[in-house]
Every structure is written in structure tokens, then in C-alpha cells.
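J.: Okay, so here is protein_28.txt, and as you'll see once you scroll down, it has compact mmCIF, C-alpha atoms and all ligand atoms.
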```
# COMPACT_ATOMS: atom_id res chain seq x y z
CA ASP A 744 -38.62 116.28 95.18
CA LEU A 745 -39.54 113.69 97.76
CA PRO A 746 -38.98 114.64 101.42
CA GLY A 747 -36.14 112.86 103.26
CA ARG A 748 -38.22 112.56 106.39
CA VAL A 749 -41.96 112.29 107.05
CA THR A 750 -43.81 113.19 110.24
CA ILE A 751 -46.46 110.60 110.95
CA TRP A 752 -49.45 112.18 112.74
CA GLU A 753 -50.91 109.17 114.54
CA VAL A 754 -54.69 109.54 114.99
CA GLY A 755 -55.54 106.01 116.15
CA ALA A 756 -56.57 106.94 119.68
CA ARG A 757 -58.86 109.71 118.41
CA ASP A 758 -60.11 109.09 114.85
CA GLY A 759 -59.52 105.38 115.34
CA LEU A 760 -61.61 104.99 118.46
CA GLN A 761 -64.30 107.66 118.00
CA ASN A 762 -66.36 105.31 115.83
CA GLU A 763 -66.04 102.07 117.85
CA GLN A 764 -69.29 100.28 118.65
CA SER A 765 -68.14 99.20 122.07
CA ALA A 766 -66.74 101.52 124.71
CA VAL A 767 -63.00 101.06 125.07
CA PRO A 768 -61.96 101.36 128.74
CA VAL A 769 -59.71 104.31 129.52
CA GLU A 770 -56.99 101.92 130.80
CA VAL A 771 -56.88 100.26 127.39
CA LYS A 772 -56.60 103.66 125.66
CA LEU A 773 -53.76 104.64 127.97
CA GLU A 774 -51.87 101.43 127.29
CA PHE A 775 -52.51 101.92 123.56
CA LEU A 776 -50.95 105.41 123.72
CA ASP A 777 -47.97 104.11 125.71
CA ARG A 778 -47.37 101.33 123.23
CA LEU A 779 -47.62 103.76 120.32
CA ALA A 780 -45.03 106.00 121.99
CA ASP A 781 -42.79 102.94 122.55
CA SER A 782 -42.91 102.24 118.83
CA GLY A 783 -41.32 105.63 118.13
CA LEU A 784 -44.30 107.74 117.05
CA SER A 785 -43.83 111.36 118.11
CA VAL A 786 -47.34 112.73 117.51
CA LEU A 787 -50.22 110.94 119.21
CA GLU A 788 -53.59 112.59 118.76
CA ALA A 789 -55.13 111.54 122.05
CA THR A 790 -58.83 112.40 122.19
CA SER A 791 -61.45 115.12 121.57
CA PHE A 792 -63.07 117.64 123.89
CA VAL A 793 -66.37 117.46 122.02
CA HIS A 794 -69.88 117.04 123.37
CA PRO A 795 -70.04 113.66 125.17
CA LYS A 796 -73.49 112.98 123.71
CA TRP A 797 -72.21 113.53 120.18
CA VAL A 798 -69.19 111.25 120.61
CA PRO A 799 -69.68 109.05 123.69
CA GLN A 800 -66.59 107.01 122.76
CA LEU A 801 -64.42 109.98 123.79
CA ALA A 802 -66.47 111.11 126.81
CA ASP A 803 -63.55 110.03 129.02
CA ALA A 804 -61.24 112.79 127.68
CA GLU A 805 -60.60 114.26 131.17
CA ASP A 806 -59.80 110.86 132.69
CA LEU A 807 -57.55 110.01 129.76
CA LEU A 808 -55.48 113.20 130.07
CA ALA A 809 -55.30 112.82 133.86
CA GLY A 810 -54.01 109.25 133.53
CA LEU A 811 -51.56 109.93 130.73
CA THR A 812 -47.83 109.83 131.40
CA ARG A 813 -46.65 112.37 128.85
CA ARG A 814 -43.26 111.76 127.31
CA PRO A 815 -40.97 114.70 126.63
CA ASP A 816 -40.41 113.70 123.00
CA VAL A 817 -44.09 113.11 122.17
CA ILE A 818 -46.90 115.62 121.61
CA TYR A 819 -50.52 114.71 122.40
CA PRO A 820 -52.87 116.97 120.40
CA VAL A 821 -56.62 116.92 120.99
CA LEU A 822 -59.63 118.07 118.96
CA VAL A 823 -61.51 121.13 120.19
CA PRO A 824 -64.64 122.44 118.41
CA ASN A 825 -65.66 125.42 120.54
CA GLU A 826 -64.88 127.48 123.63
CA ARG A 827 -66.44 124.93 125.98
CA GLY A 828 -64.04 122.36 124.53
CA LEU A 829 -61.13 124.77 124.90
CA ASP A 830 -61.97 125.38 128.57
CA ARG A 831 -61.89 121.64 129.14
CA ALA A 832 -58.59 121.27 127.25
CA LEU A 833 -56.99 124.12 129.21
CA ALA A 834 -58.12 122.57 132.50
CA ALA A 835 -56.56 119.26 131.40
CA GLY A 836 -53.19 120.90 130.70
CA VAL A 837 -53.24 120.35 126.94
CA ASP A 838 -50.58 122.13 124.79
CA HIS A 839 -51.67 121.27 121.27
CA ILE A 840 -55.19 121.46 119.87
CA ALA A 841 -56.85 121.06 116.50
CA ILE A 842 -60.01 122.72 115.29
CA PHE A 843 -61.95 120.86 112.63
CA GLY A 844 -63.82 122.69 109.92
CA SER A 845 -65.85 121.40 107.05
CA ALA A 846 -65.37 122.31 103.40
CA THR A 847 -69.09 121.73 102.79
CA GLU A 848 -72.34 123.13 104.21
CA THR A 849 -73.96 119.76 104.78
CA PHE A 850 -71.11 118.30 106.79
CA ALA A 851 -70.75 121.49 108.85
CA GLN A 852 -74.40 120.92 109.74
CA ARG A 853 -74.05 117.20 110.48
CA ASN A 854 -70.73 117.28 112.31
CA LEU A 855 -70.83 120.64 114.09
CA ASN A 856 -74.54 121.52 114.12
CA SER A 857 -73.44 124.65 112.33
CA SER A 858 -73.11 126.35 108.94
CA LEU A 859 -69.93 127.10 107.01
CA ASP A 860 -69.83 130.69 108.24
CA VAL A 861 -71.01 129.95 111.74
CA GLN A 862 -68.24 127.34 112.14
CA PHE A 863 -65.68 130.14 111.67
CA ALA A 864 -67.43 132.32 114.23
CA MET A 865 -67.22 129.34 116.61
CA PHE A 866 -63.50 128.73 115.91
CA ASP A 867 -62.37 132.35 116.03
CA PRO A 868 -62.38 132.86 119.82
CA VAL A 869 -61.03 129.32 120.28
CA VAL A 870 -57.96 130.05 118.18
CA THR A 871 -57.41 133.52 119.69
CA ARG A 872 -57.57 132.23 123.25
CA ALA A 873 -55.51 129.12 122.48
CA LEU A 874 -52.70 131.16 120.93
CA GLU A 875 -52.76 133.53 123.93
CA ALA A 876 -52.30 130.45 126.13
CA ASP A 877 -49.28 129.39 124.00
CA MET A 878 -51.05 126.40 122.53
CA SER A 879 -50.42 125.35 118.96
CA VAL A 880 -53.51 125.10 116.77
CA ARG A 881 -53.82 122.76 113.81
CA GLY A 882 -56.73 123.05 111.40
CA TYR A 883 -58.52 120.09 109.88
CA VAL A 884 -60.53 120.59 106.72
CA SER A 885 -63.01 117.74 106.23
CA MET A 886 -64.67 116.63 103.00
CA CYS A 887 -61.89 118.04 100.79
CA PHE A 888 -62.38 115.40 98.09
CA GLY A 889 -66.06 114.61 98.15
CA ASP A 890 -69.07 114.76 100.42
CA PRO A 891 -71.61 111.93 100.82
CA TRP A 892 -74.53 114.37 100.59
CA GLU A 893 -73.17 117.00 98.18
CA GLY A 894 -70.98 114.87 95.92
CA PRO A 895 -67.84 116.40 94.40
CA VAL A 896 -66.41 119.44 96.21
CA PRO A 897 -64.89 122.24 94.09
CA VAL A 898 -61.16 122.74 94.72
CA GLN A 899 -61.58 126.50 95.18
CA GLN A 900 -64.16 125.94 97.92
CA VAL A 901 -61.66 123.75 99.82
CA VAL A 902 -58.85 126.28 99.34
CA GLU A 903 -61.09 129.10 100.58
CA VAL A 904 -62.00 127.23 103.79
CA GLY A 905 -58.37 126.24 104.37
CA ARG A 906 -57.10 129.79 103.85
CA ARG A 907 -59.58 131.13 106.38
CA MET A 908 -58.27 128.65 108.93
CA LEU A 909 -54.66 129.63 108.23
CA GLU A 910 -55.56 133.33 108.49
CA MET A 911 -57.08 132.63 111.90
CA GLY A 912 -53.71 131.34 113.08
CA CYS A 913 -53.55 127.60 112.41
CA TRP A 914 -49.93 126.56 111.88
CA GLN A 915 -50.84 123.60 109.69
CA LEU A 916 -53.83 122.38 107.71
CA SER A 917 -54.72 118.72 107.52
CA LEU A 918 -56.72 118.10 104.35
CA GLY A 919 -59.19 115.33 105.07
CA ASP A 920 -60.67 112.80 102.69
CA THR A 921 -63.25 111.98 105.31
CA ILE A 922 -65.04 109.31 103.25
CA GLY A 923 -62.05 107.99 101.34
CA VAL A 924 -63.11 108.80 97.76
CA ALA A 925 -59.95 110.61 96.62
CA THR A 926 -57.63 109.31 93.92
CA PRO A 927 -54.03 110.45 93.25
CA GLY A 928 -54.77 112.93 90.45
CA HIS A 929 -57.42 114.58 92.59
CA VAL A 930 -54.90 114.89 95.43
CA GLU A 931 -52.52 116.67 93.09
CA ALA A 932 -55.31 119.04 92.01
CA VAL A 933 -56.32 119.97 95.57
CA LEU A 934 -52.72 120.39 96.79
CA GLY A 935 -51.96 122.31 93.59
CA GLY A 936 -54.86 124.66 94.40
CA PHE A 937 -53.32 125.49 97.77
CA ILE A 938 -49.80 125.88 96.38
CA GLU A 939 -51.09 128.22 93.65
CA ALA A 940 -52.81 130.25 96.35
CA GLY A 941 -49.40 130.74 97.98
CA VAL A 942 -49.61 128.11 100.73
CA ASP A 943 -46.28 126.36 101.26
CA PRO A 944 -46.51 122.54 101.29
CA SER A 945 -44.78 122.56 104.70
CA MET A 946 -48.03 124.02 106.07
CA LEU A 947 -50.07 121.16 104.64
CA ALA A 948 -50.75 117.65 105.86
CA VAL A 949 -52.97 114.98 104.35
CA HIS A 950 -55.54 112.78 106.07
CA PHE A 951 -56.80 109.84 104.05
CA HIS A 952 -59.40 107.21 104.78
CA ASP A 953 -58.99 103.90 102.98
CA THR A 954 -62.60 103.18 101.95
CA TYR A 955 -61.66 102.46 98.33
CA GLY A 956 -58.09 101.27 98.98
CA GLN A 957 -56.57 104.50 97.67
CA ALA A 958 -55.11 105.96 100.86
CA LEU A 959 -51.55 104.82 100.27
CA ALA A 960 -51.51 105.86 96.59
CA ASN A 961 -52.95 109.22 97.62
CA SER A 962 -50.23 109.62 100.25
CA LEU A 963 -47.56 108.96 97.64
CA SER A 964 -49.13 111.59 95.42
CA ALA A 965 -48.98 114.08 98.33
CA LEU A 966 -45.31 113.27 98.96
CA TYR A 967 -44.54 114.10 95.34
CA CYS A 968 -46.34 117.45 95.84
CA GLY A 969 -43.92 118.26 98.71
CA VAL A 970 -46.13 117.36 101.69
CA SER A 971 -44.19 115.78 104.56
CA THR A 972 -46.81 115.28 107.28
CA ILE A 973 -49.19 112.36 106.86
CA ASP A 974 -52.02 111.39 109.21
CA SER A 975 -52.63 107.68 109.77
CA SER A 976 -53.97 105.33 112.40
CA ALA A 977 -52.32 102.22 113.81
CA GLY A 978 -53.86 99.11 112.31
CA GLY A 979 -56.15 101.23 110.11
CA LEU A 980 -58.69 101.87 112.88
CA GLY A 981 -61.24 104.55 112.41
CA GLY A 982 -63.99 106.50 110.77
CA CYS A 983 -66.22 109.45 111.52
CA PRO A 984 -69.57 108.83 113.23
CA TYR A 985 -71.13 111.80 111.39
CA ALA A 986 -70.01 110.89 107.87
CA GLU A 987 -71.86 108.13 106.03
CA SER A 988 -69.52 105.48 104.61
CA ALA A 989 -66.41 106.68 106.40
CA THR A 990 -64.22 103.66 107.12
CA GLY A 991 -60.78 103.36 108.67
CA ASN A 992 -57.86 105.71 108.21
CA LEU A 993 -54.76 104.91 106.22
CA ALA A 994 -53.01 102.27 108.36
CA THR A 995 -49.78 103.57 109.91
CA GLU A 996 -48.12 100.21 109.20
CA ASP A 997 -48.94 100.44 105.47
CA LEU A 998 -47.43 103.92 105.38
CA VAL A 999 -44.30 102.84 107.29
CA TRP A 1000 -43.73 99.90 104.96
CA MET A 1001 -43.89 102.19 101.93
CA LEU A 1002 -41.63 104.84 103.48
CA ASP A 1003 -39.09 102.15 104.46
CA GLY A 1004 -38.99 100.88 100.90
CA MET A 1005 -38.44 104.40 99.60
CA GLY A 1006 -35.68 105.19 102.10
CA ILE A 1007 -37.70 107.99 103.74
CA GLU A 1008 -37.12 108.41 107.48
CA HIS A 1009 -40.00 108.29 109.97
CA GLY A 1010 -38.63 107.05 113.32
CA VAL A 1011 -41.05 104.15 113.81
CA ASP A 1012 -40.19 100.57 114.79
CA LEU A 1013 -42.53 98.60 112.52
CA ASP A 1014 -42.42 95.35 114.52
CA LYS A 1015 -43.40 97.11 117.73
CA LEU A 1016 -46.18 98.94 115.95
CA VAL A 1017 -47.57 95.74 114.40
CA ALA A 1018 -47.51 94.06 117.82
CA THR A 1019 -49.49 97.02 119.20
CA SER A 1020 -52.12 96.77 116.48
CA VAL A 1021 -52.44 93.01 117.02
CA TRP A 1022 -52.87 93.66 120.76
CA MET A 1023 -55.50 96.35 120.05
CA ALA A 1024 -57.34 94.11 117.57
CA GLU A 1025 -57.66 91.51 120.34
CA ARG A 1026 -59.14 94.17 122.65
CA LEU A 1027 -61.66 95.21 119.95
CA GLY A 1028 -62.47 91.64 118.98
CA ARG A 1029 -61.76 91.90 115.26
CA PRO A 1030 -58.66 91.72 113.07
CA SER A 1031 -56.87 94.79 111.75
CA PRO A 1032 -57.75 95.60 108.13
CA SER A 1033 -54.14 96.64 107.43
CA ARG A 1034 -52.43 94.45 104.83
CA VAL A 1035 -49.03 95.06 106.41
CA VAL A 1036 -50.32 94.06 109.87
CA GLN A 1037 -51.78 90.88 108.36
CA ALA A 1038 -48.52 90.09 106.57
CA LEU A 1039 -46.26 90.69 109.57
CA ALA A 1040 -48.45 89.58 112.50
CA LYS A 1041 -46.91 86.63 114.33
P1 LIG A 1101 -74.42 121.67 119.99
O1 LIG A 1101 -75.37 120.66 120.55
O2 LIG A 1101 -74.88 122.57 118.88
O3 LIG A 1101 -73.81 122.55 121.19
O4 LIG A 1101 -73.14 120.88 119.52
P2 LIG A 1101 -74.31 123.88 121.85
O5 LIG A 1101 -73.24 124.90 121.67
O6 LIG A 1101 -75.71 124.20 121.39
O7 LIG A 1101 -74.37 123.47 123.39
C1 LIG A 1101 -75.33 122.53 123.89
C2 LIG A 1101 -74.84 121.96 125.21
O8 LIG A 1101 -73.64 121.21 124.97
C3 LIG A 1101 -74.47 123.02 126.25
O9 LIG A 1101 -74.80 122.47 127.51
C4 LIG A 1101 -72.97 123.11 126.15
O10 LIG A 1101 -72.33 123.51 127.32
C5 LIG A 1101 -72.59 121.68 125.81
P3 LIG A 1101 -76.09 122.97 128.33
O11 LIG A 1101 -75.87 124.44 128.51
O12 LIG A 1101 -77.23 122.67 127.42
O13 LIG A 1101 -76.03 122.12 129.55
N1 LIG A 1101 -71.33 121.63 125.07
C6 LIG A 1101 -70.26 120.88 125.40
N2 LIG A 1101 -70.03 120.02 126.40
C7 LIG A 1101 -68.80 119.47 126.45
N3 LIG A 1101 -67.82 119.72 125.55
C8 LIG A 1101 -68.02 120.56 124.54
C9 LIG A 1101 -69.29 121.17 124.43
N4 LIG A 1101 -69.80 122.04 123.54
C10 LIG A 1101 -71.05 122.31 123.95
N5 LIG A 1101 -67.05 120.82 123.65
C11 LIG A 1101 -70.80 120.71 119.02
C12 LIG A 1101 -72.06 121.53 118.88
C13 LIG A 1101 -69.74 121.31 118.13
C14 LIG A 1101 -70.37 120.74 120.48
C15 LIG A 1101 -71.13 119.24 118.62
O14 LIG A 1101 -71.66 119.25 117.32
C16 LIG A 1101 -69.94 118.33 118.69
O15 LIG A 1101 -69.44 118.02 119.76
N6 LIG A 1101 -69.45 117.86 117.51
C17 LIG A 1101 -68.27 117.02 117.44
C18 LIG A 1101 -68.43 115.99 116.35
C19 LIG A 1101 -67.14 115.18 116.24
O16 LIG A 1101 -66.36 115.07 117.17
N7 LIG A 1101 -66.92 114.59 115.05
C20 LIG A 1101 -65.78 113.79 114.80
C21 LIG A 1101 -64.52 114.57 114.63
S1 LIG A 1101 -64.31 115.27 113.00
C22 LIG A 1101 -63.61 114.00 112.05
O17 LIG A 1101 -63.58 112.89 112.47
C23 LIG A 1101 -62.97 114.34 110.73
C24 LIG A 1101 -61.44 114.36 110.81
O18 LIG A 1101 -60.92 113.10 111.20
C25 LIG A 1101 -60.82 114.73 109.45
C26 LIG A 1101 -61.39 113.93 108.28
O19 LIG A 1101 -61.41 112.68 108.30
O20 LIG A 1101 -61.78 114.62 107.32
C27 LIG A 1101 -60.97 115.42 111.82
MG MG A 1102 -60.72 111.34 109.85
```
Take the structure in the file and write it out as C-alpha cells.
T.:
Amino acid sequence: DLPGRVTIWEVGARDGLQNEQSAVPVEVKLEFLDRLADSGLSVLEATSFVHPKWVPQLADAEDLLAGLTRRPDVIYPVLVPNERGLDRALAAGVDHIAIFGSATETFAQRNLNSSLDVQFAMFDPVVTRALEADMSVRGYVSMCFGDPWEGPVPVQQVVEVGRRMLEMGCWQLSLGDTIGVATPGHVEAVLGGFIEAGVDPSMLAVHFHDTYGQALANSLSALYCGVSTIDSSAGGLGGCPYAESATGNLATEDLVWMLDGMGIEHGVDLDKLVATSVWMAERLGRPSPSRVVQALAK
């Protein structure tokens, strides 16, 4: 059965901007977040407390949180890789964090300077301390559908990594197609692997990149598997600086258009969102790759 309502997990300010060539001023990021909230989005992933040398685009995380006017009906999760990141997030008054693990050895090395097992040792105290501080902890699993260095990733390997993150105390897993190679049947197989392992679809979210134009089809496949949280980025911004060939995320506008047509609720005002992506595209100096933004932009 299809869900009657979908939660859109907007990652534009984080995944969208972490790969930008030019530095986006913190004032522009703050206006972006405000405009996204105005369009009705209720989850705005704001930034990452990662090493500023690894991701200079998000080195302004403290300034961003300090300048943010938080709305009562919006949550602003941030990415946290280790205890140093957690200390920074706690000092900034953050309530919701996400750890981000890799399903493959090579990407754990490239993205976290770590190994598969060492990444868990790094996350363990983060999750324990975050839960003690009444934070919620989401778990990303990257490279669930393919890895640029290792190629195809076995479903059981993905399920194993995801289950370890749930056992640590993550309330939800976001299954990432970091490089955008997934196709709908593959999505069914990976989600099926989790469901067979006893994980309820309500604990799963999907995170698609649109490298091969499959992100929307993959999202539909996930909806049919019972998933009702979908990650996307306004205007299709994004990519991961540590993953070769990672392009933009599924565009939030493309997702909203599909959900509208299917009568599935989401709470977003599409016109306001398109206007925001057009505004952001002007700031970044290039047009949005989203087909829906292009069709509706005035
Ligand atoms: P490292 O260099 O191995 O860190 O990086 P370390 O533990 O060896 O520490 C070295 C120095 O860095 C120390 O300082 C630490 O204090 C400092 P020193 O004592 O030498 O002066 N340090 C920090 N400073 C600030 N904030 C911190 C922090 N941690 C250590 N958090 C580390 C390891 C994990 C930090 C690094 O690899 C890193 O920051 N990686 C983040 C990479 C990243 O953000 N990637 C993009 C997000 S993932 C993604 O996009 C995929 C996703 O969208 C889903 C999908 O598409 O699949 C989520
Ligand atoms: Mg991503």
C-alpha cells in the first residue's frame, strides 16, 4: 500500500551545499533555510559538524546555528561524525543529529578516514552521549547500491551495516545511493533485505542522487515498499565531495510534483519552493537541474 503522507527530509542546505565550488555566505544559507521553512518543509538538514578542512563549505556551522531563527514546527538536523563533532553540536544547541556510516570499506576510508569496524567504534560514544542528552540520532548508510571503487555492493552487507546502526540506537536509517546508480528493482531488493531482517519500513528512509535520472523512479519504488520518508534537495543541489561521480540529490520539486499527482500529502507549497530554488540558482550562478523547476520557473 502507498502511504497517505510522505515526510520530505530536505537536505539542500547540507548535502546540497557541501559540494559547491564557491563558498556560499552564511547569510545566504540562512535566507535559504528561512525560505525553505516558508515553503512548508518541516525537516531542514542544516549543516555538518565535520572537520572544516575536509568540508570547507560547511566550516561556518557554528555561525549558521547561531544565526538561525528556529521555528517551532521545523527540525534542523545536522551531521556529526565523531565526538568532537558532537561537542560542537551540543555547544550549538542542536537537538537532532545524524551519523553517517559507509556500507563499504573503501568509502569508509575516503569519507571518514576510517575502516568499516573503526567507524562503528567512532559512532558508538557519539550515539550514547547524544541519546543521554535527549537528542535524536538518525543513521545514514552510504553506498547502499554501488560504490565507485568497489562496484556492486551485496545487499546483505548493507543490511548488516544498517542493523548495527539501529542496534546502536538510531531511530531511522537513511539508505543512500551516494553516486546515483540504483534502479527501481535494486531498490526493492535492498529494502526487501531490511524488511526480511525484521526492520519495519517506518524505520527506513531513502536518499537518492539523480546521476542517471533514476532518483524519482527509485523513490516511487520505495513508496511501494512502504517507505514514507524521502530525502531530497531543493532544486536538485548536491553531491558528496568524497565520492567520485556523485551529482545532485533528487530534486524536492520533482518529488513534490509526483506526490501531488498521486494524491499523497507532503505539506509543501510548490510555487514557493520553486521560487526559492530559482533565487538560490541566481546566488550560485547556474540554473537548477530540476525539470520541475525549469517547467514552473517564471
Ligand atoms: P581525521 O583527520 O581522521 O580526524 O578526520 P582525527 O580524528 O584524526 O582528528 C584530526 C584533527 O581534526 C584533530 O585536531 C581533531 O580535533 C580535528 P588536532 O588535535 O590535530 O588539532 N577534528 C575535528 N574538528 C572539527 N570537527 C570535527 C572534528 N573531528 C576531528 N568533527 C573525520 C576524520 C571523520 C573528522 C573526517 O574524515 C571528516 O570530517 N569527514 C567528513 C566527510 C563528510 O562530511 N562527507 C560528506 C558527508 S557524507 C555524504 O554526503 C553522504 C550522505 O549524503 C548520504 C549519501 O548520499 O549516501 C550522508
Ligand atoms: Mg547524499
J.: Return the single residue from A:Leu1027, A:Leu909, A:Leu1016, A:Leu980 that is closest to ligand MG 1102 (chain A), with distances computed using all atoms listed in the file.
T.: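 Nearest candidate to ligand MG 1102 (chain A) out of A:Leu1027, A:Leu909, A:Leu1016, A:Leu980: A:Leu980.
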J.: Would you work out the distance separating atom CA of Val769 of chain A from atom CA of Glu1025 of chain A, expressed in Å to one decimal?
T.: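 Atom-to-atom, atom CA of Val769 of chain A to atom CA of Glu1025 of chain A, that is 15.9 Å.
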J.: Please report the interatomic distance between atom CA of Leu993 of chain A and atom C14 of ligand LIG 1101 (chain A) in Å with one decimal.
T.: 26.4 Å
J.: Got a sec to check which residues lie within 8 Å of ligand MG 1102 (chain A), using all atoms listed in the file, and send them as JSON, numbers by chain?
T.: {"A": [758, 885, 919, 920, 921, 950, 951, 952, 981, 982, 983, 992]}
J.: Need the axis-aligned box for ligand LIG 1101 (chain A) with 5 Å each side, so what are the centre and edges in Å to one decimal, as JSON?
T.:
```
{"center_x": -69.0, "center_y": 118.8, "center_z": 118.4, "size_x": 26.4, "size_y": 22.2, "size_z": 32.2}
```
J.: Using only C-alpha atoms and all ligand atoms, find each residue in chain A having at least one atom no more than 8 Å away from ligand LIG 1101 (chain A); report its shortest atom-to-atom pair and that distance in Å (one decimal), rows by chain then rising number, as a Markdown table.
T.:
```
| residue | atom | partner | partner_atom | distance |
| --- | --- | --- | --- | --- |
| A:Asp758 | CA | A:LIG1101 | O18 | 5.5 |
| A:Gln761 | CA | A:LIG1101 | C20 | 7.1 |
| A:Ser791 | CA | A:LIG1101 | O16 | 6.6 |
| A:Phe792 | CA | A:LIG1101 | N5 | 5.1 |
| A:Val793 | CA | A:LIG1101 | N5 | 3.8 |
| A:His794 | CA | A:LIG1101 | O15 | 3.8 |
| A:Pro795 | CA | A:LIG1101 | C7 | 6.1 |
| A:Lys796 | CA | A:LIG1101 | O15 | 7.6 |
| A:Trp797 | CA | A:LIG1101 | O15 | 5.3 |
| A:Val798 | CA | A:LIG1101 | O16 | 5.9 |
| A:Leu822 | CA | A:LIG1101 | C21 | 7.4 |
| A:Val823 | CA | A:LIG1101 | N5 | 6.5 |
| A:Pro824 | CA | A:LIG1101 | C13 | 5.2 |
| A:Asn825 | CA | A:LIG1101 | N5 | 5.7 |
| A:Glu826 | CA | A:LIG1101 | N5 | 7.0 |
| A:Arg827 | CA | A:LIG1101 | N5 | 4.8 |
| A:Gly828 | CA | A:LIG1101 | N5 | 3.5 |
| A:Leu829 | CA | A:LIG1101 | N5 | 7.2 |
| A:Arg831 | CA | A:LIG1101 | N3 | 7.2 |
| A:Phe843 | CA | A:LIG1101 | C27 | 5.6 |
| A:Ser845 | CA | A:LIG1101 | O20 | 7.9 |
| A:Arg853 | CA | A:LIG1101 | O14 | 7.5 |
| A:Asn854 | CA | A:LIG1101 | C18 | 4.8 |
| A:Leu855 | CA | A:LIG1101 | O14 | 3.6 |
| A:Asn856 | CA | A:LIG1101 | O14 | 4.9 |
| A:Ser857 | CA | A:LIG1101 | O2 | 7.0 |
| A:Tyr883 | CA | A:LIG1101 | C27 | 5.6 |
| A:Val884 | CA | A:LIG1101 | O20 | 6.1 |
| A:Ser885 | CA | A:LIG1101 | O20 | 3.5 |
| A:Met886 | CA | A:LIG1101 | O20 | 5.6 |
| A:Cys887 | CA | A:LIG1101 | O20 | 7.4 |
| A:Ser917 | CA | A:LIG1101 | C25 | 7.5 |
| A:Leu918 | CA | A:LIG1101 | O20 | 6.8 |
| A:Gly919 | CA | A:LIG1101 | O20 | 3.5 |
| A:Asp920 | CA | A:LIG1101 | O20 | 5.1 |
| A:Thr921 | CA | A:LIG1101 | O19 | 3.6 |
| A:Ile922 | CA | A:LIG1101 | O19 | 7.1 |
| A:His950 | CA | A:LIG1101 | O19 | 6.3 |
| A:Phe951 | CA | A:LIG1101 | O19 | 6.9 |
| A:His952 | CA | A:LIG1101 | O19 | 6.8 |
| A:Gly982 | CA | A:LIG1101 | O17 | 6.6 |
| A:Cys983 | CA | A:LIG1101 | O17 | 4.4 |
| A:Pro984 | CA | A:LIG1101 | C20 | 6.4 |
| A:Tyr985 | CA | A:LIG1101 | N7 | 6.2 |
| A:Asn992 | CA | A:LIG1101 | O19 | 7.8 |
```
